[in-house]
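Undergrad: Handing you a structure now.
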Amino acid sequence: MGGIAVCPGSFDPITYGHLDIIKRAAKVFEQVYVVVLNNSSKNPLFNVEERIHLIKEVTKDLNNVKVDSFQGLLMDYAKSVNANAVIRGLRAVSDFEYEMQITSMNRVLNDEVETFFIMTNNQYSFLSSSIVKEVAKYSGDISELVPDIVEQALKDKFQ
Ligand code: PNS
């Protein structure tokens with residue numbers, strides 16, 4: 001398909017669910033920018049540098065993936081890297097309303113950038129960074145949910 005896509009998110013921290021979406025986007029688009037943005041309704045556990053470090057480590061084998069952060073609107077970031085697409089993962093119906101709202105707002109801000117949704121692999125349909133943090137906080141097993149480096153970073157945070 002070609003083109004430049006942005007995979008935006010909080011990534012607090014990155015999970016196997018995110019990684020699945022990033023890998024699949026990287027197969028379709030020429031260049032994928034994974035960008036850590038601020039979600040004003042969330043209070044992050046990891047700072048932006050920590051989140052970027054973890055994403056870079058787990059995507060280092062993907063040649064067409066770049067990792068970045070941005071303070072501001074997703075559409076301003078998309079313009080700054082000449083992206084023509086935004087990729088979001090959809091897990092369940094419960095994601096739909098929120099995604100429709102931000103996609104519609106983004107289209108008002110810039111209708112030249114199209115948003116595409118990738119259905120999350122069934123294996124990860126229940127998975128979220130919040131759930132992973134909750135389990136990690138009480139020393140539950142998260143080895144099937146996040147890469148090793150993320151598991152270690154969570155252990156360090158909750159020690
Ligand atoms: O992983 P998340 O928290 O679901 O990602 C949401 C995110 C960070 C992509 C969204 O909150 C976002 O785009 N934030 C930047 C500000 C913005 O452009 N908001 C959309 C217009 S309302």
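In the structure tokens, the first chain shown is A, the next is B, and so on; residue numbers restart at 1 for each chain, and ligands run from 1 in the order shown.
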Excluding A:Leu154 and any residue of its chain fewer than 2 positions from it, enumerate the residues within 12 Å of it, using only C-alpha atoms, and give them as a PyMOL selection string.
TA: chain A and resi 12-15+45-46+50-51+54+129-130+132-143+145-152+156-159
Undergrad: Do you know which residues are within 7 Å of ligand 1 using only C-alpha atoms and all ligand atoms? Can you write them as a list in words?
TA: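 Listed by chain and ascending number, the contacts are Pro8, Gly9, Ser10, Phe11, Val36, Leu37, Asn38, Asn39, Ser40, Gly72, Leu73, Leu74, Met75, Ile102, Met105 and Asn106 of chain A.
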Undergrad: From the options A:Ser104, A:Val6, A:Gly89, A:Val65, which residue's atoms come nearest to A:Met119, counting only C-alpha atoms?
TA: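 Going through A:Ser104, A:Val6, A:Gly89, A:Val65 one by one, the smallest distance to A:Met119 is for A:Gly89.
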Undergrad: Have a look at A:Ile4, A:Val86, A:Leu62, A:Ile22 and name the one nearest to A:Glu99; count only C-alpha atoms.
TA: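 Residue with the minimum atom-to-atom distance to A:Glu99: A:Val86.
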Undergrad: Distance atom CA of A:Asp68-atom CA of A:His18, one decimal place?
TA: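 Interatomic distance, atom CA of A:Asp68 to atom CA of A:His18: 15.2 Å.
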Undergrad: Quick one: DSSP strand (DSSP E) residues in stretch 30-151 of chain A, as number ranges by chain?
TA: A: 31-36, 65-69, 85-90, 114-119
Undergrad: Kindly export the residues of the current selection with N, CA and C atoms, as a PDB file, in the first residue's frame.
TA:
ATOM      1  N   GLN A  31       6.368   3.483   5.909  1.00  0.00           N
ATOM      2  CA  GLN A  31       7.014   4.024   7.112  1.00  0.00           C
ATOM      3  C   GLN A  31       5.962   4.164   8.209  1.00  0.00           C
ATOM      4  N   VAL A  32       6.302   3.717   9.405  1.00  0.00           N
ATOM      5  CA  VAL A  32       5.367   3.840  10.527  1.00  0.00           C
ATOM      6  C   VAL A  32       6.048   4.616  11.657  1.00  0.00           C
ATOM      7  N   TYR A  33       5.391   5.666  12.098  1.00  0.00           N
ATOM      8  CA  TYR A  33       5.873   6.416  13.255  1.00  0.00           C
ATOM      9  C   TYR A  33       5.025   6.024  14.463  1.00  0.00           C
ATOM     10  N   VAL A  34       5.666   5.421  15.449  1.00  0.00           N
ATOM     11  CA  VAL A  34       4.961   5.132  16.708  1.00  0.00           C
ATOM     12  C   VAL A  34       5.200   6.345  17.589  1.00  0.00           C
ATOM     13  N   VAL A  35       4.134   7.034  17.959  1.00  0.00           N
ATOM     14  CA  VAL A  35       4.326   8.287  18.687  1.00  0.00           C
ATOM     15  C   VAL A  35       3.597   8.270  20.035  1.00  0.00           C
ATOM     16  N   VAL A  36       4.372   8.615  21.060  1.00  0.00           N
ATOM     17  CA  VAL A  36       3.816   8.716  22.413  1.00  0.00           C
ATOM     18  C   VAL A  36       3.224  10.114  22.570  1.00  0.00           C
ATOM     19  N   VAL A  65      10.060   1.233  11.198  1.00  0.00           N
ATOM     20  CA  VAL A  65       9.345   1.814  12.349  1.00  0.00           C
ATOM     21  C   VAL A  65      10.258   2.797  13.087  1.00  0.00           C
ATOM     22  N   LYS A  66       9.744   4.012  13.278  1.00  0.00           N
ATOM     23  CA  LYS A  66      10.472   5.020  14.057  1.00  0.00           C
ATOM     24  C   LYS A  66       9.652   5.351  15.294  1.00  0.00           C
ATOM     25  N   VAL A  67      10.322   5.669  16.381  1.00  0.00           N
ATOM     26  CA  VAL A  67       9.624   5.959  17.639  1.00  0.00           C
ATOM     27  C   VAL A  67       9.874   7.410  18.018  1.00  0.00           C
ATOM     28  N   ASP A  68       8.812   8.061  18.454  1.00  0.00           N
ATOM     29  CA  ASP A  68       8.900   9.504  18.686  1.00  0.00           C
ATOM     30  C   ASP A  68       7.916   9.887  19.799  1.00  0.00           C
ATOM     31  N   SER A  69       7.989  11.138  20.223  1.00  0.00           N
ATOM     32  CA  SER A  69       6.959  11.654  21.141  1.00  0.00           C
ATOM     33  C   SER A  69       6.574  13.042  20.673  1.00  0.00           C
ATOM     34  N   ALA A  85      -1.864   8.683   7.057  1.00  0.00           N
ATOM     35  CA  ALA A  85      -2.715   7.713   7.749  1.00  0.00           C
ATOM     36  C   ALA A  85      -2.417   7.658   9.242  1.00  0.00           C
ATOM     37  N   VAL A  86      -3.471   7.350   9.987  1.00  0.00           N
ATOM     38  CA  VAL A  86      -3.338   7.075  11.415  1.00  0.00           C
ATOM     39  C   VAL A  86      -3.844   5.657  11.625  1.00  0.00           C
ATOM     40  N   ILE A  87      -3.133   4.887  12.437  1.00  0.00           N
ATOM     41  CA  ILE A  87      -3.551   3.509  12.709  1.00  0.00           C
ATOM     42  C   ILE A  87      -3.949   3.392  14.169  1.00  0.00           C
ATOM     43  N   ARG A  88      -5.120   2.809  14.399  1.00  0.00           N
ATOM     44  CA  ARG A  88      -5.551   2.519  15.766  1.00  0.00           C
ATOM     45  C   ARG A  88      -5.976   1.056  15.837  1.00  0.00           C
ATOM     46  N   GLY A  89      -5.764   0.459  16.985  1.00  0.00           N
ATOM     47  CA  GLY A  89      -6.215  -0.916  17.199  1.00  0.00           C
ATOM     48  C   GLY A  89      -7.614  -0.890  17.793  1.00  0.00           C
ATOM     49  N   LEU A  90      -8.441  -1.837  17.385  1.00  0.00           N
ATOM     50  CA  LEU A  90      -9.792  -1.974  17.960  1.00  0.00           C
ATOM     51  C   LEU A  90      -9.884  -3.327  18.636  1.00  0.00           C
ATOM     52  N   GLU A 114      -6.247   9.979   6.879  1.00  0.00           N
ATOM     53  CA  GLU A 114      -7.301   8.968   7.065  1.00  0.00           C
ATOM     54  C   GLU A 114      -6.950   8.073   8.253  1.00  0.00           C
ATOM     55  N   THR A 115      -7.956   7.740   9.064  1.00  0.00           N
ATOM     56  CA  THR A 115      -7.711   6.811  10.181  1.00  0.00           C
ATOM     57  C   THR A 115      -8.131   5.402   9.783  1.00  0.00           C
ATOM     58  N   PHE A 116      -7.238   4.450  10.010  1.00  0.00           N
ATOM     59  CA  PHE A 116      -7.508   3.038   9.728  1.00  0.00           C
ATOM     60  C   PHE A 116      -7.510   2.261  11.044  1.00  0.00           C
ATOM     61  N   PHE A 117      -8.416   1.289  11.152  1.00  0.00           N
ATOM     62  CA  PHE A 117      -8.480   0.462  12.356  1.00  0.00           C
ATOM     63  C   PHE A 117      -8.035  -0.955  12.045  1.00  0.00           C
ATOM     64  N   ILE A 118      -7.201  -1.467  12.923  1.00  0.00           N
ATOM     65  CA  ILE A 118      -6.787  -2.864  12.793  1.00  0.00           C
ATOM     66  C   ILE A 118      -7.408  -3.614  13.965  1.00  0.00           C
ATOM     67  N   MET A 119      -8.128  -4.687  13.647  1.00  0.00           N
ATOM     68  CA  MET A 119      -8.731  -5.503  14.716  1.00  0.00           C
ATOM     69  C   MET A 119      -7.628  -6.218  15.472  1.00  0.00           C
TER      70      MET A 119
END
Undergrad: DSSP on the backbone: what in chain A comes out helix (DSSP H, G or I), as an NGL selection string?
TA: :A and (16-28 or 48-58 or 74-80 or 93-109 or 122-124 or 129-137 or 148-158)
Undergrad: For A:Leu19, which of A:Ala78, A:Ala153, A:Ile52, A:Val58 is the closest residue, counting only C-alpha atoms?
TA: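 The answer is A:Val58, which sits nearest to A:Leu19.
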